[in-house]
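Structure, as structure tokens:
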Amino acid sequence: MVQREAVLRLDDRWARVRAGDGPTEPVEHQQLLDELIGALRALPDDPECTALLGLRLADRAALRFAAGDRAGALATIEEGLRSSERAARHSPEFARWYARGLINHGVWLAWPLSDGDRLPRHPLGPGAGEGPSAMERAAGERARDLTRTAVEVWTGLDQGDPVNRRGLAQAKVFLGDRLAELGATEDAVAWAVDAEADFRRLLLSGPAERGAEEAEEALDHLGRQLELRLRFLGFDALVGLRARGLLPERLLPQAVVAARIRSVEEPEISARLRLGGEQVRTMLEVTPWLAVWRFDVRGPDGLWNALPHPWHSTTEVRNRTAADVADELIRGFTGSPAHPGDGSPWRVHVWWHEEGDPAGAAFRWAAGPDPATGTPS
């Protein structure tokens, strides 16, 4: 008992230091944390100490990440999760700690798959022209699986407790992020929409409740994510989401525009998205989309070189397909001094909203002989 109380006092001391109340020297921090972890390890049969060990190993992992030791940090958090999992069955609070640890580990594992704004670097998955490395993809798949386990842990807790409902909603957000990073965009949208509904229910159940601000921030994040992800969905995927009730009404204009960009005719959009013809026509007329294009010419060295403005530019359009935009551009290009001539390869890509992976272009066209075979591409 004396040993346990001493360990808990040491953990309280670390918690104060972690909050900024104590020594600021990194060496002193590390020494205190090492002492605490050693003391917690000495009480393997105590559920609270086992749970705290998981938290403090996560703190050590965070310090290692900050120092640039990603491999060491990941190994440390794996050990911490094993400790947290052992403690999780003893109380709901320890289960919550375990679920949060799973999510954090997923974020760290998937870090190379997202950019500085935490948006997917490779949102098209295996179909992308430039995808993640095999190691990055394996880490992303592990991150997805850990996050899915976190969703299961939160689901198993009492959903009458708003803390658990909020934790489950947050876990769904993170699962959507992990799926988007691996290119599973339709599933990512489904989880994001599910999480959005959860957060709205939380706000409706008690707008003054602690965590309301957090829910509002999550809804803002989800709104941005859903608008991004819809741009990478084909029409069949949009129809599938609509049929499952996972295409929010506020996103229907964007879904209609997405279909039209890909040359789906208005009657088919109306029939398959279960919208009136006049409703579809109005959405197309009032909802603009940003067309982004780039013309490339292959040089003698075999490399593609982007042409300057106006052959690398943007414009806002309404009720036009990507092919409509490209046809007009190609007619102008073939009659311009920038055209390299019939014997030289050139290509054009048209994207929706922003330039990105060629595989994500709404329109792609290549002309001229293939230098490897001499035949037209």
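Residues are referred to by chain and number: the chain letter is A, B, ... according to the order shown in the structure tokens, the number counts from 1 in that chain, and ligands are numbered separately from 1 in the order shown.
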Review point. Which polymer residues have any atom within 9 Å of an atom of region 356-368 of chain A, counting only C-alpha atoms, with same-chain residues fewer than 4 positions away left out, as a PyMOL selection string?
Key: chain A and resi 122-124+127-130+231-232+261-262+321-323+326+341-352+374-377
Using only C-alpha atoms, I'd like a table of the residues in region 95-158 of chain A that come within 12 Å of region 72-86 of chain A; for each, show the closest atom pair and its distance in Å rounded to one decimal, ordered by chain and ascending number, as JSON lines.
{"residue": "A:Ala95", "atom": "CA", "partner": "A:Glu85", "partner_atom": "CA", "distance": 7.6}
{"residue": "A:Arg96", "atom": "CA", "partner": "A:Ser84", "partner_atom": "CA", "distance": 9.5}
{"residue": "A:Trp97", "atom": "CA", "partner": "A:Ser84", "partner_atom": "CA", "distance": 7.1}
{"residue": "A:Tyr98", "atom": "CA", "partner": "A:Ser84", "partner_atom": "CA", "distance": 5.1}
{"residue": "A:Ala99", "atom": "CA", "partner": "A:Ser84", "partner_atom": "CA", "distance": 8.8}
{"residue": "A:Arg100", "atom": "CA", "partner": "A:Leu81", "partner_atom": "CA", "distance": 10.0}
{"residue": "A:Gly101", "atom": "CA", "partner": "A:Leu81", "partner_atom": "CA", "distance": 6.6}
{"residue": "A:Leu102", "atom": "CA", "partner": "A:Leu81", "partner_atom": "CA", "distance": 7.0}
{"residue": "A:Ile103", "atom": "CA", "partner": "A:Leu81", "partner_atom": "CA", "distance": 10.6}
{"residue": "A:Asn104", "atom": "CA", "partner": "A:Ile77", "partner_atom": "CA", "distance": 9.1}
{"residue": "A:His105", "atom": "CA", "partner": "A:Ile77", "partner_atom": "CA", "distance": 6.8}
{"residue": "A:Gly106", "atom": "CA", "partner": "A:Leu74", "partner_atom": "CA", "distance": 10.0}
{"residue": "A:Val107", "atom": "CA", "partner": "A:Leu74", "partner_atom": "CA", "distance": 10.9}
{"residue": "A:Trp108", "atom": "CA", "partner": "A:Leu74", "partner_atom": "CA", "distance": 7.7}
{"residue": "A:Leu109", "atom": "CA", "partner": "A:Leu74", "partner_atom": "CA", "distance": 7.4}
{"residue": "A:Ala110", "atom": "CA", "partner": "A:Leu74", "partner_atom": "CA", "distance": 11.2}
{"residue": "A:Trp111", "atom": "CA", "partner": "A:Leu74", "partner_atom": "CA", "distance": 11.6}
{"residue": "A:Ala139", "atom": "CA", "partner": "A:Leu74", "partner_atom": "CA", "distance": 10.5}
{"residue": "A:Arg142", "atom": "CA", "partner": "A:Glu78", "partner_atom": "CA", "distance": 11.5}
{"residue": "A:Ala143", "atom": "CA", "partner": "A:Leu74", "partner_atom": "CA", "distance": 11.3}
{"residue": "A:Leu146", "atom": "CA", "partner": "A:Leu81", "partner_atom": "CA", "distance": 10.2}
{"residue": "A:Thr149", "atom": "CA", "partner": "A:Glu85", "partner_atom": "CA", "distance": 11.1}
{"residue": "A:Ala150", "atom": "CA", "partner": "A:Glu85", "partner_atom": "CA", "distance": 11.0}
{"residue": "A:Val153", "atom": "CA", "partner": "A:Glu85", "partner_atom": "CA", "distance": 10.3}
Practice item. Pick out each residue of region 15-102 of chain A that DSSP on the backbone tags as alpha helix (DSSP H); I need them as number ranges by chain. Key: A: 15-18, 26-41, 47-66, 70-88, 92-102
Neighbouring residues of region 8-12 of chain A were defined as those with any atom within 9 Å, considering only C-alpha atoms; residues of the same chain fewer than 6 positions away were excluded. Please report them as a short mmCIF file (atom, residue, chain, number, x, y, z; two decimals) with C-alpha atoms, in the first residue's frame.
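Result written to part_25.cif:
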data_model
loop_
_atom_site.label_atom_id
_atom_site.label_comp_id
_atom_site.auth_asym_id
_atom_site.auth_seq_id
_atom_site.Cartn_x
_atom_site.Cartn_y
_atom_site.Cartn_z
CA LEU A 32 11.16 12.19 -13.66
CA LEU A 33 9.22 10.36 -16.36
CA GLU A 35 11.49 7.17 -12.62
CA LEU A 36 7.69 7.17 -12.77
CA ALA A 39 7.78 2.65 -10.47
CA LEU A 40 4.53 1.91 -12.33
CA CYS A 49 -1.10 1.72 -12.05
CA LEU A 52 -1.37 5.00 -15.71
CA ARG A 56 2.94 7.67 -19.21
#
Exercise for review: Considering only C-alpha atoms, state which residue in the set A:Arg281, A:Arg274, A:Arg165, A:Arg250 is at the smallest distance from Phe199 (chain A).
Suggested key: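 That would be A:Arg165, the residue with the smallest distance to Phe199 (chain A).
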**Study point:** Selected residue, from A:Trp304, A:Trp311, A:Trp154, A:Phe235, that lies nearest to Ala338 (chain A) when counting only C-alpha atoms
**Key:**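 The shortest atom-to-atom distance to Ala338 (chain A) comes from A:Trp311.
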Check your understanding: Can you tell me how far CA of His353 (chain A) sits from CA of Ala291 (chain A), in Å to one decimal?
Key ->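 For CA of His353 (chain A) relative to CA of Ala291 (chain A), the distance reads 6.1 Å.
The shortest atom-to-atom distance to Leu252 (chain A), with only C-alpha atoms taken into account, belongs to A:Thr287 out of A:Ser114, A:Thr147, A:Thr155, A:Thr287.
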